[in-house]
$ cat input28.txt   # compact mmCIF, C-alpha atoms and all ligand atoms
# COMPACT_ATOMS: atom_id res chain seq x y z
CA MET I 1 14.82 -37.89 -24.77
CA SER I 2 17.14 -39.06 -22.00
CA GLN I 3 18.56 -37.46 -18.87
CA LYS I 4 20.96 -38.07 -15.99
CA VAL I 5 19.47 -39.40 -12.75
CA LEU I 6 20.92 -40.45 -9.40
CA TYR I 7 19.83 -44.02 -8.65
CA LEU I 8 19.85 -45.81 -5.34
CA LYS I 9 20.47 -49.18 -6.95
CA SER I 10 19.08 -51.49 -4.26
CA LYS I 11 17.85 -51.44 -0.65
CA GLN I 12 20.77 -50.10 1.42
CA GLY I 13 22.87 -50.31 -1.76
CA ALA I 14 25.07 -47.81 -3.57
CA PHE I 15 24.15 -44.59 -5.35
CA GLU I 16 25.05 -44.35 -9.04
CA VAL I 17 24.56 -41.70 -11.72
CA ALA I 18 22.81 -43.28 -14.71
CA THR I 19 20.80 -42.43 -17.81
CA ALA I 20 17.00 -42.72 -17.86
CA PRO I 21 14.14 -41.45 -20.02
CA VAL I 22 12.73 -37.97 -19.37
CA PRO I 23 9.17 -38.49 -18.04
CA LYS I 24 6.10 -37.19 -19.90
CA PRO I 25 3.69 -34.96 -17.95
CA GLY I 26 0.24 -36.50 -17.61
CA SER I 27 -3.02 -34.69 -16.99
CA GLY I 28 -2.60 -32.06 -14.27
CA GLU I 29 1.19 -32.40 -14.25
CA VAL I 30 4.13 -30.29 -15.42
CA LEU I 31 7.59 -31.37 -16.53
CA ILE I 32 10.25 -29.39 -14.65
CA LYS I 33 13.90 -29.00 -15.62
CA VAL I 34 15.46 -29.30 -12.17
CA GLN I 35 18.03 -26.56 -11.60
CA ALA I 36 18.29 -27.01 -7.83
CA THR I 37 17.35 -29.83 -5.47
CA ALA I 38 17.75 -29.77 -1.70
CA LEU I 39 18.91 -32.70 0.41
CA ASN I 40 16.86 -33.89 3.38
CA PRO I 41 17.73 -36.26 6.24
CA VAL I 42 15.23 -38.80 4.89
CA ASP I 43 17.43 -39.20 1.79
CA TRP I 44 20.37 -40.62 3.72
CA LYS I 45 18.06 -42.49 6.12
CA ILE I 46 16.42 -44.35 3.22
CA GLN I 47 19.84 -45.46 1.98
CA VAL I 48 21.41 -46.34 5.33
CA LEU I 49 18.38 -47.81 7.10
CA GLY I 50 16.45 -49.25 4.17
CA LEU I 51 13.27 -47.30 5.00
CA PHE I 52 10.10 -46.61 2.98
CA ILE I 53 11.11 -47.71 -0.54
CA GLU I 54 10.72 -51.23 -1.92
CA GLU I 55 11.25 -50.80 -5.67
CA PHE I 56 14.71 -50.29 -7.11
CA PRO I 57 16.53 -48.66 -8.74
CA ALA I 58 14.95 -45.73 -6.91
CA ILE I 59 15.39 -42.00 -7.35
CA LEU I 60 15.29 -40.02 -4.10
CA GLY I 61 14.89 -36.28 -3.46
CA GLY I 62 11.93 -34.35 -2.10
CA ASP I 63 12.68 -30.73 -3.08
CA ALA I 64 12.91 -29.24 -6.56
CA ALA I 65 13.21 -25.78 -8.07
CA GLY I 66 13.48 -25.32 -11.80
CA ILE I 67 11.86 -24.27 -15.05
CA VAL I 68 8.63 -25.62 -16.52
CA GLU I 69 9.51 -27.39 -19.79
CA GLU I 70 6.10 -28.77 -20.73
CA VAL I 71 2.58 -28.65 -19.29
CA GLY I 72 0.20 -31.60 -19.24
CA GLU I 73 -3.45 -31.57 -20.18
CA GLY I 74 -5.70 -29.31 -18.14
CA VAL I 75 -2.94 -27.27 -16.48
CA THR I 76 -3.92 -23.60 -16.40
CA ASN I 77 -1.95 -22.13 -13.47
CA LEU I 78 1.53 -22.71 -14.97
CA LYS I 79 3.16 -22.34 -18.39
CA LYS I 80 6.40 -23.26 -20.15
CA GLY I 81 9.27 -21.10 -18.86
CA ASP I 82 7.84 -20.46 -15.38
CA ARG I 83 10.30 -20.71 -12.47
CA VAL I 84 8.67 -23.13 -10.02
CA LEU I 85 9.15 -25.10 -6.81
CA THR I 86 7.59 -28.44 -5.93
CA ASN I 87 7.69 -31.25 -3.40
CA GLY I 88 9.02 -34.56 -4.78
CA ILE I 89 7.37 -37.91 -4.08
CA TYR I 90 9.36 -40.77 -2.55
CA GLY I 91 8.62 -44.11 -4.19
CA VAL I 92 7.56 -42.58 -7.53
CA ASN I 93 10.72 -42.13 -9.62
CA GLU I 94 9.16 -39.70 -12.14
CA HIS I 95 8.24 -37.35 -9.27
CA ALA I 96 11.53 -37.58 -7.33
CA THR I 97 14.02 -34.72 -7.57
CA PHE I 98 17.59 -36.15 -7.76
CA GLN I 99 17.39 -36.08 -11.55
CA GLN I 100 17.55 -33.51 -14.36
CA TYR I 101 13.81 -33.55 -15.10
CA THR I 102 10.95 -34.27 -12.70
CA LEU I 103 7.17 -34.16 -12.78
CA GLY I 104 5.20 -31.85 -10.50
CA ASN I 105 1.49 -31.94 -9.75
CA ALA I 106 0.43 -28.49 -10.92
CA ASP I 107 -1.93 -27.79 -8.00
CA VAL I 108 0.95 -28.22 -5.56
CA THR I 109 3.63 -26.55 -7.67
CA GLY I 110 4.15 -22.81 -7.20
CA LYS I 111 5.77 -19.95 -9.07
CA ILE I 112 8.96 -18.55 -7.55
CA PRO I 113 9.03 -14.75 -7.21
CA ASP I 114 11.97 -12.89 -8.81
CA SER I 115 13.30 -12.00 -5.36
CA LEU I 116 14.29 -15.64 -4.70
CA SER I 117 17.03 -17.65 -6.37
CA LEU I 118 16.30 -21.18 -7.54
CA ASP I 119 18.75 -22.45 -4.91
CA GLU I 120 16.80 -20.68 -2.16
CA ALA I 121 13.48 -21.91 -3.53
CA ALA I 122 14.71 -25.51 -3.43
CA THR I 123 15.02 -25.29 0.36
CA ILE I 124 11.30 -24.71 0.80
CA PRO I 125 8.86 -27.42 -0.33
CA LEU I 126 9.51 -30.35 2.03
CA GLY I 127 10.34 -28.32 5.13
CA LEU I 128 7.44 -25.93 4.67
CA ALA I 129 5.04 -28.84 4.05
CA THR I 130 6.20 -30.59 7.22
CA ALA I 131 5.64 -27.46 9.27
CA ALA I 132 2.32 -26.59 7.61
CA VAL I 133 0.77 -30.05 7.88
CA GLY I 134 1.91 -30.53 11.47
CA LEU I 135 0.39 -27.28 12.66
CA PHE I 136 -2.36 -26.24 10.26
CA HIS I 137 -4.11 -29.28 8.83
CA TYR I 138 -7.40 -27.72 9.81
CA GLY I 139 -10.10 -30.27 10.54
CA VAL I 140 -7.69 -33.19 10.00
CA GLU I 141 -6.25 -34.02 13.38
CA SER I 142 -4.69 -37.39 12.46
CA ASN I 143 -1.33 -35.82 11.57
CA SER I 144 -1.67 -32.29 12.89
CA ALA I 145 -2.45 -29.91 15.72
CA GLY I 146 -5.39 -29.07 13.43
CA LEU I 147 -5.05 -25.28 13.70
CA PHE I 148 -6.47 -22.80 11.18
CA PRO I 149 -3.89 -21.88 8.49
CA PRO I 150 -2.48 -18.34 8.67
CA TRP I 151 -2.32 -18.05 4.85
CA GLU I 152 -6.10 -18.44 4.52
CA ASP I 153 -8.57 -15.59 5.01
CA GLY I 154 -9.04 -14.92 8.71
CA GLY I 155 -5.98 -16.95 9.70
CA SER I 156 -3.36 -14.24 10.07
CA GLY I 157 -2.81 -13.45 13.76
CA LYS I 158 -5.58 -15.83 14.87
CA TYR I 159 -3.54 -17.29 17.72
CA ALA I 160 -2.31 -13.97 19.12
CA GLY I 161 -1.25 -14.21 22.75
CA GLU I 162 -0.89 -18.00 22.74
CA PRO I 163 2.58 -19.42 23.41
CA ILE I 164 4.19 -22.13 21.28
CA PHE I 165 7.28 -24.24 21.99
CA VAL I 166 9.47 -25.33 19.07
CA ALA I 167 12.26 -27.81 19.79
CA GLY I 168 15.07 -27.47 17.21
CA GLY I 169 14.28 -24.07 15.73
CA ALA I 170 17.46 -24.02 13.61
CA SER I 171 16.53 -27.15 11.70
CA SER I 172 15.07 -26.67 8.26
CA VAL I 173 11.62 -27.75 9.48
CA GLY I 174 11.97 -25.73 12.70
CA GLN I 175 12.63 -22.49 10.79
CA TYR I 176 9.41 -22.92 8.81
CA VAL I 177 7.49 -23.77 12.00
CA ILE I 178 8.72 -20.54 13.60
CA GLN I 179 7.81 -18.45 10.55
CA LEU I 180 4.32 -19.96 10.21
CA ALA I 181 3.74 -19.62 13.97
CA LYS I 182 4.64 -15.94 13.70
CA LEU I 183 2.18 -15.46 10.84
CA ALA I 184 -0.51 -17.16 12.93
CA GLY I 185 0.15 -14.66 15.72
CA PHE I 186 1.65 -17.02 18.33
CA GLY I 187 3.60 -15.36 21.08
CA PRO I 188 5.87 -15.95 22.83
CA ILE I 189 7.55 -18.30 20.31
CA VAL I 190 10.05 -20.20 22.42
CA THR I 191 12.65 -22.39 20.70
CA THR I 192 15.83 -24.34 21.38
CA ALA I 193 19.01 -24.11 19.30
CA SER I 194 22.75 -23.68 19.50
CA LEU I 195 23.05 -20.15 20.83
CA ARG I 196 25.11 -18.99 17.82
CA ASN I 197 21.81 -19.18 15.89
CA THR I 198 19.93 -16.87 18.30
CA GLU I 199 19.93 -13.66 16.25
CA SER I 200 18.96 -15.28 12.97
CA LEU I 201 16.12 -17.23 14.61
CA LYS I 202 14.85 -14.04 16.24
CA LYS I 203 14.74 -12.42 12.79
CA GLN I 204 12.50 -15.29 11.66
CA GLY I 205 10.10 -14.78 14.55
CA ALA I 206 11.40 -16.62 17.61
CA THR I 207 10.95 -14.44 20.69
CA HIS I 208 13.12 -16.59 23.00
CA VAL I 209 15.99 -18.89 22.00
CA LEU I 210 17.13 -21.28 24.72
CA ASP I 211 20.35 -23.29 24.68
CA ARG I 212 19.58 -26.71 23.29
CA ASN I 213 22.26 -28.21 25.56
CA LEU I 214 20.51 -27.25 28.82
CA PRO I 215 19.53 -30.24 30.98
CA ALA I 216 15.78 -31.00 30.77
CA ASP I 217 14.84 -29.57 34.19
CA SER I 218 16.78 -26.33 33.60
CA LEU I 219 15.23 -25.91 30.16
CA ILE I 220 11.72 -26.39 31.52
CA GLY I 221 12.52 -23.91 34.33
CA GLU I 222 13.64 -21.31 31.76
CA VAL I 223 10.45 -21.80 29.74
CA GLN I 224 8.33 -21.32 32.88
CA LYS I 225 10.12 -18.03 33.57
CA ILE I 226 9.08 -16.72 30.12
CA THR I 227 5.31 -17.13 30.53
CA SER I 228 2.74 -18.66 32.83
CA ALA I 229 0.30 -19.07 29.93
CA PRO I 230 -0.35 -22.71 28.96
CA PHE I 231 1.51 -24.11 25.95
CA LYS I 232 -1.31 -25.70 23.97
CA VAL I 233 1.01 -26.43 21.04
CA ALA I 234 4.53 -27.83 20.99
CA TYR I 235 6.34 -28.80 17.78
CA ASP I 236 9.40 -31.02 18.10
CA ALA I 237 11.34 -30.57 14.85
CA VAL I 238 14.13 -32.83 16.15
CA SER I 239 12.07 -35.61 17.80
CA LEU I 240 14.93 -37.43 19.53
CA PRO I 241 13.79 -39.19 22.72
CA GLU I 242 15.11 -36.36 24.95
CA THR I 243 13.53 -33.54 22.91
CA GLN I 244 10.22 -35.41 22.74
CA ASN I 245 10.13 -35.82 26.52
CA VAL I 246 11.04 -32.19 27.24
CA SER I 247 8.46 -30.95 24.72
CA TYR I 248 5.80 -33.20 26.21
CA ARG I 249 6.53 -31.92 29.72
CA ILE I 250 6.27 -28.30 28.52
CA LEU I 251 2.94 -29.02 26.79
CA ALA I 252 -0.14 -28.06 28.83
CA PRO I 253 -3.08 -30.42 29.43
CA GLY I 254 -5.43 -30.32 26.44
CA GLY I 255 -2.54 -29.51 24.13
CA THR I 256 -0.94 -31.22 21.11
CA LEU I 257 2.67 -32.22 20.58
CA VAL I 258 3.67 -32.54 16.91
CA LEU I 259 6.52 -34.94 16.12
CA VAL I 260 8.55 -35.47 12.94
CA LEU I 261 9.82 -38.95 13.87
CA ALA I 262 8.29 -42.00 15.59
CA GLU I 263 6.91 -41.34 19.05
CA GLU I 264 9.09 -42.22 22.04
CA VAL I 265 7.39 -40.20 24.81
CA GLU I 266 7.59 -41.67 28.32
CA ASN I 267 4.98 -41.28 31.06
CA LYS I 268 2.17 -40.21 28.75
CA THR I 269 -1.14 -39.05 30.15
CA GLU I 270 -4.65 -39.05 28.67
CA ASP I 271 -4.92 -35.28 28.55
CA LYS I 272 -2.14 -34.55 26.02
CA ARG I 273 -2.30 -35.49 22.34
CA VAL I 274 0.77 -36.57 20.35
CA VAL I 275 0.67 -36.64 16.53
CA ASN I 276 3.13 -37.40 13.73
CA THR I 277 3.28 -35.02 10.81
CA TYR I 278 3.95 -36.13 7.24
CA GLY I 279 5.53 -33.44 5.13
CA ASN I 280 4.34 -34.10 1.63
CA THR I 281 1.81 -31.93 -0.14
CA ASN I 282 1.12 -34.53 -2.88
CA VAL I 283 -0.32 -37.41 -0.86
CA PRO I 284 -4.12 -37.70 -0.82
CA VAL I 285 -4.48 -36.98 2.92
CA ASN I 286 -2.54 -33.69 2.59
CA ARG I 287 -3.52 -32.65 -0.94
CA LYS I 288 -6.29 -30.17 -0.13
CA LEU I 289 -4.12 -28.38 2.42
CA GLY I 290 -1.20 -28.55 0.00
CA ALA I 291 -3.19 -26.91 -2.79
CA SER I 292 -4.36 -24.21 -0.37
CA LEU I 293 -0.75 -23.54 0.68
CA TYR I 294 0.53 -23.53 -2.91
CA SER I 295 -2.19 -21.13 -3.99
CA LYS I 296 -0.52 -18.61 -1.65
CA VAL I 297 3.12 -19.69 -1.68
CA THR I 298 4.24 -17.14 -4.29
CA SER I 299 2.87 -14.20 -2.30
CA LEU I 300 4.16 -15.59 1.02
CA LEU I 301 7.65 -15.65 -0.53
CA GLU I 302 7.30 -12.36 -2.38
CA THR I 303 6.32 -10.45 0.76
CA GLY I 304 9.04 -12.15 2.80
CA ALA I 305 6.47 -13.64 5.20
CA ILE I 306 8.24 -16.94 4.53
CA LYS I 307 11.98 -16.82 3.97
CA PRO I 308 14.04 -19.72 2.63
CA ASN I 309 16.73 -21.57 4.56
CA SER I 310 20.37 -20.57 4.07
CA VAL I 311 21.96 -22.45 1.18
CA GLU I 312 25.21 -24.32 0.67
CA VAL I 313 25.59 -25.39 -2.95
CA LEU I 314 27.25 -28.75 -3.61
CA PRO I 315 29.73 -29.14 -6.50
CA ASN I 316 29.65 -31.82 -9.26
CA GLY I 317 25.95 -32.07 -10.08
CA LEU I 318 24.24 -35.34 -9.17
CA HIS I 319 27.60 -36.93 -8.20
CA GLY I 320 28.00 -34.24 -5.52
CA ILE I 321 24.75 -35.26 -3.86
CA ILE I 322 26.36 -38.55 -2.76
CA ASP I 323 28.99 -36.72 -0.68
CA GLY I 324 26.37 -34.19 0.39
CA LEU I 325 24.25 -36.93 1.94
CA GLU I 326 27.26 -38.12 3.93
CA LYS I 327 27.79 -34.55 5.14
CA LEU I 328 24.12 -34.22 6.10
CA LYS I 329 24.34 -37.48 8.04
CA GLN I 330 27.25 -36.04 10.07
CA GLY I 331 25.00 -33.05 10.86
CA VAL I 332 24.67 -29.51 9.52
CA SER I 333 23.78 -26.32 11.39
CA LYS I 334 21.08 -24.01 10.03
CA VAL I 335 21.92 -24.65 6.40
CA LYS I 336 20.35 -26.63 3.57
CA LEU I 337 22.58 -28.49 1.13
CA VAL I 338 21.53 -27.96 -2.50
CA GLY I 339 22.66 -29.85 -5.62
CA HIS I 340 22.55 -28.78 -9.29
CA PRO I 341 21.49 -31.76 -11.44
CA GLN I 342 22.17 -29.89 -14.71
CA GLU I 343 25.88 -29.66 -13.80
CA THR I 344 26.35 -33.44 -13.92
CA ALA I 345 29.41 -34.44 -16.00
N1 LIG R 401 7.78 -36.58 9.29
C1 LIG R 401 8.16 -35.94 8.21
O1 LIG R 401 7.43 -35.84 7.23
C2 LIG R 401 9.49 -35.26 8.18
C3 LIG R 401 9.73 -34.28 7.22
C4 LIG R 401 10.94 -33.59 7.25
C5 LIG R 401 11.91 -33.93 8.19
N2 LIG R 401 11.66 -34.93 9.06
C6 LIG R 401 12.65 -35.24 10.09
O2 LIG R 401 12.78 -34.07 10.88
C7 LIG R 401 14.09 -33.95 11.38
C8 LIG R 401 14.60 -32.56 11.03
O3 LIG R 401 14.77 -32.46 9.63
P1 LIG R 401 15.47 -31.16 9.03
O4 LIG R 401 15.64 -31.32 7.58
O5 LIG R 401 14.74 -29.98 9.54
O6 LIG R 401 16.89 -31.30 9.74
P2 LIG R 401 18.21 -30.41 9.67
O7 LIG R 401 17.94 -29.08 9.11
O8 LIG R 401 19.28 -31.22 9.02
O9 LIG R 401 18.53 -30.31 11.23
C9 LIG R 401 19.76 -29.78 11.64
C10 LIG R 401 19.50 -28.91 12.85
O10 LIG R 401 19.01 -29.68 13.92
C11 LIG R 401 19.28 -28.97 15.11
N3 LIG R 401 19.34 -29.92 16.23
C12 LIG R 401 19.92 -31.14 16.24
N4 LIG R 401 19.79 -31.71 17.46
C13 LIG R 401 19.11 -30.83 18.24
C14 LIG R 401 18.66 -30.83 19.59
N5 LIG R 401 18.91 -31.87 20.40
N6 LIG R 401 17.98 -29.77 20.03
C15 LIG R 401 17.71 -28.71 19.22
N7 LIG R 401 18.12 -28.64 17.93
C16 LIG R 401 18.82 -29.69 17.45
C17 LIG R 401 20.59 -28.28 14.86
O11 LIG R 401 20.46 -27.02 15.49
P3 LIG R 401 21.71 -26.08 15.89
O12 LIG R 401 22.39 -25.77 14.59
O13 LIG R 401 21.05 -24.89 16.49
O14 LIG R 401 22.56 -26.85 16.83
C18 LIG R 401 20.71 -28.20 13.34
O15 LIG R 401 20.70 -26.87 12.85
C19 LIG R 401 14.90 -35.11 10.75
O16 LIG R 401 14.96 -36.18 11.67
C20 LIG R 401 14.05 -35.50 9.56
O17 LIG R 401 14.25 -36.86 9.17
C21 LIG R 401 10.47 -35.59 9.09
$ encode --input "input28.txt" --output "structure tokens"
Amino acid sequence: MSQKVLYLKSKQGAFEVATAPVPKPGSGEVLIKVQATALNPVDWKIQVLGLFIEEFPAILGGDAAGIVEEVGEGVTNLKKGDRVLTNGIYGVNEHATFQQYTLGNADVTGKIPDSLSLDEAATIPLGLATAAVGLFHYGVESNSAGLFPPWEDGGSGKYAGEPIFVAGGASSVGQYVIQLAKLAGFGPIVTTASLRNTESLKKQGATHVLDRNLPADSLIGEVQKITSAPFKVAYDAVSLPETQNVSYRILAPGGTLVLVLAEEVENKTEDKRVVNTYGNTNVPVNRKLGASLYSKVTSLLETGAIKPNSVEVLPNGLHGIIDGLEKLKQGVSKVKLVGHPQETA
């Protein structure tokens, strides 16, 4: 059986829609008919900058929502016909999501509750993983603040009364950081964004939204007016040099700054930790945490504890993803672009 896929033909080369075999699910895997796939900045960065991937043609895409078509040996938590979401794997074509059928590892693939559309579900896996690993990789401090996860027993509200700073709250990752921080009890939850996003970020759990265009000293002054409690955790969901430096200055001694891009902090001191998160629930280092998160993801979504990003659907199936990546590169505001691989002409 064959399918349509979106290939990146060579390093920094062109995208092209092509035909490829539908993969077979191995032990512990499911085959998913991809109805919706979200675009992430890493997708255009891989193409423009030649990052991460060495084998071509390559299929990109880290977010899928669709229908289980076939289950591999040993899979008991999912069955044919289930609506599911999963995190794609870069560098493994069969597990990437810019195609009509992808493989998911069943332990890190979750059922989508009826209350969510497939488009909404597609906005969740990569962003939520990036937030969850960066904050709550309990006992694994190499890529995380190492906090206790709020979705596990005893985790809800555990950090009540502790402030957290989130740079870039309106980004896809930032919105999941805010929502997980709220579940964990953090307060105040102080974030930066364009002020038009204030009300919607407050609905997700931010207590204070500061203008992201404030000069560094003014921004830090505003944060100090909100609380005198020490910020032991800061999460920079933008991680540009200026946001890294502001976040680091807001962080209290003994605290951890979580970054999503390479570190560029100036004037570092011994008493503040800086870590880089890696938002993929499939990789060995994150797998246990990923399985823990996915064992609860359906109920987190069903209860509305975690809400998806806003969606903008792209036209023209896999072809539309090419223009979508250009749009994402220009910058979007508080919206996730979603493609429909089944609508490929
Ligand atoms: N390490 C990893 O595993 C990992 C995983 C996922 C993403 N990332 C990286 O994380 C970054 C965010 O990804 P994403 O998908 O969340 O991005 P996104 O949703 O495309 O980010 C867009 C948002 O960024 C906000 N923003 C831009 N510049 C800002 C600034 N200076 N201050 C505050 N907010 C700012 C904008 O907020 P307003 O609309 O309010 O202006 C906009 O809504 C990207 O660089 C991505 O490559 C890394």
$ atom_distance --input "input28.txt" --atom1 "CA of Gly104 (chain I)" --atom2 "CA of Leu259 (chain I)"
26.8 Å
$ residues_near_point --input "input28.txt" --point "(8.6, -31.9, 31.0)" --cutoff "9 Å" --atoms "only C-alpha atoms" --output "PyMOL selection string"
chain I and resi 216-217+219-220+245-251
$ residues_around --input "input28.txt" --residues "Ala64 (chain I)" --least-positions-apart "3" --cutoff "8 Å" --atoms "all atoms listed in the file" --output "list in words"
Val34, Gln35, Ala36, Thr37, Ala38, Gly61, Leu85, Thr86, Asn87, Gly88, Thr97, Ala121, Ala122 and Pro125 of chain I
$ write_last_selection --input "input28.txt" --atoms "C-alpha atoms" --output "PDB file, in the frame of the given file"
ATOM      1  CA  VAL I  34      15.460 -29.300 -12.170  1.00  0.00           C
ATOM      2  CA  GLN I  35      18.030 -26.560 -11.600  1.00  0.00           C
ATOM      3  CA  ALA I  36      18.290 -27.010  -7.830  1.00  0.00           C
ATOM      4  CA  THR I  37      17.350 -29.830  -5.470  1.00  0.00           C
ATOM      5  CA  ALA I  38      17.750 -29.770  -1.700  1.00  0.00           C
ATOM      6  CA  GLY I  61      14.890 -36.280  -3.460  1.00  0.00           C
ATOM      7  CA  LEU I  85       9.150 -25.100  -6.810  1.00  0.00           C
ATOM      8  CA  THR I  86       7.590 -28.440  -5.930  1.00  0.00           C
ATOM      9  CA  ASN I  87       7.690 -31.250  -3.400  1.00  0.00           C
ATOM     10  CA  GLY I  88       9.020 -34.560  -4.780  1.00  0.00           C
ATOM     11  CA  THR I  97      14.020 -34.720  -7.570  1.00  0.00           C
ATOM     12  CA  ALA I 121      13.480 -21.910  -3.530  1.00  0.00           C
ATOM     13  CA  ALA I 122      14.710 -25.510  -3.430  1.00  0.00           C
ATOM     14  CA  PRO I 125       8.860 -27.420  -0.330  1.00  0.00           C
TER      15      PRO I 125
END
$ atom_distance --input "input28.txt" --atom1 "CA of Gln47 (chain I)" --atom2 "CA of Gln12 (chain I)"
4.8 Å
$ residues_around --input "input28.txt" --residues "region 320-323 of chain I" --least-positions-apart "4" --cutoff "9 Å" --atoms "all atoms listed in the file" --output "list in words"
Leu6, Phe15, Glu16, Leu39, Phe98, Leu314, Pro315, Asn316, Lys327, Leu328, Leu337, Val338, Gly339, His340, Pro341 and Thr344 of chain I
$ residues_near_ligand --input "input28.txt" --ligand "ligand LIG 401 (chain R)" --cutoff "7 Å" --atoms "all atoms listed in the file" --output "ChimeraX atom specification"
/I:40-42,126-127,130,167-174,192-195,197,212,237-240,243,260-261,276-280,328,331-336
$ closest_residue --input "input28.txt" --among "I:Asn213, I:Thr256, I:Thr102, I:Asn143" --to "Lys232 (chain I)" --atoms "all atoms listed in the file"
I:Thr256
$ residues_around --input "input28.txt" --residues "Lys296 (chain I)" --least-positions-apart "6" --cutoff "12 Å" --atoms "all atoms listed in the file" --output "ChimeraX atom specification"
/I:107-113,149-153,289-290,302-303,305-306
$ closest_residue --input "input28.txt" --among "I:His208, I:Gln244, I:Ser117, I:Glu69" --to "Asn267 (chain I)" --atoms "all atoms listed in the file"
I:Gln244
$ atom_distance --input "input28.txt" --atom1 "CA of Leu103 (chain I)" --atom2 "CA of Gly28 (chain I)"
10.1 Å
$ residues_near_point --input "input28.txt" --point "(-5.5, -25.9, 13.1)" --cutoff "10 Å" --atoms "all atoms listed in the file" --output "list in words"
Ala132, Val133, Gly134, Leu135, Phe136, His137, Tyr138, Gly139, Val140, Glu141, Ser144, Ala145, Gly146, Leu147, Phe148, Pro149, Pro150, Gly155 and Tyr159 of chain I
$ write_last_selection --input "input28.txt" --atoms "C-alpha atoms" --output "compact mmCIF listing (two decimals), keeping the file's coordinate frame"
# COMPACT_ATOMS: atom_id res chain seq x y z
CA ALA I 132 2.32 -26.59 7.61
CA VAL I 133 0.77 -30.05 7.88
CA GLY I 134 1.91 -30.53 11.47
CA LEU I 135 0.39 -27.28 12.66
CA PHE I 136 -2.36 -26.24 10.26
CA HIS I 137 -4.11 -29.28 8.83
CA TYR I 138 -7.40 -27.72 9.81
CA GLY I 139 -10.10 -30.27 10.54
CA VAL I 140 -7.69 -33.19 10.00
CA GLU I 141 -6.25 -34.02 13.38
CA SER I 144 -1.67 -32.29 12.89
CA ALA I 145 -2.45 -29.91 15.72
CA GLY I 146 -5.39 -29.07 13.43
CA LEU I 147 -5.05 -25.28 13.70
CA PHE I 148 -6.47 -22.80 11.18
CA PRO I 149 -3.89 -21.88 8.49
CA PRO I 150 -2.48 -18.34 8.67
CA GLY I 155 -5.98 -16.95 9.70
CA TYR I 159 -3.54 -17.29 17.72
$ residues_around --input "input28.txt" --residues "Glu162 (chain I)" --least-positions-apart "6" --cutoff "12 Å" --atoms "all atoms listed in the file" --output "PyMOL selection string"
chain I and resi 181-182+184-190+227-234+252+255
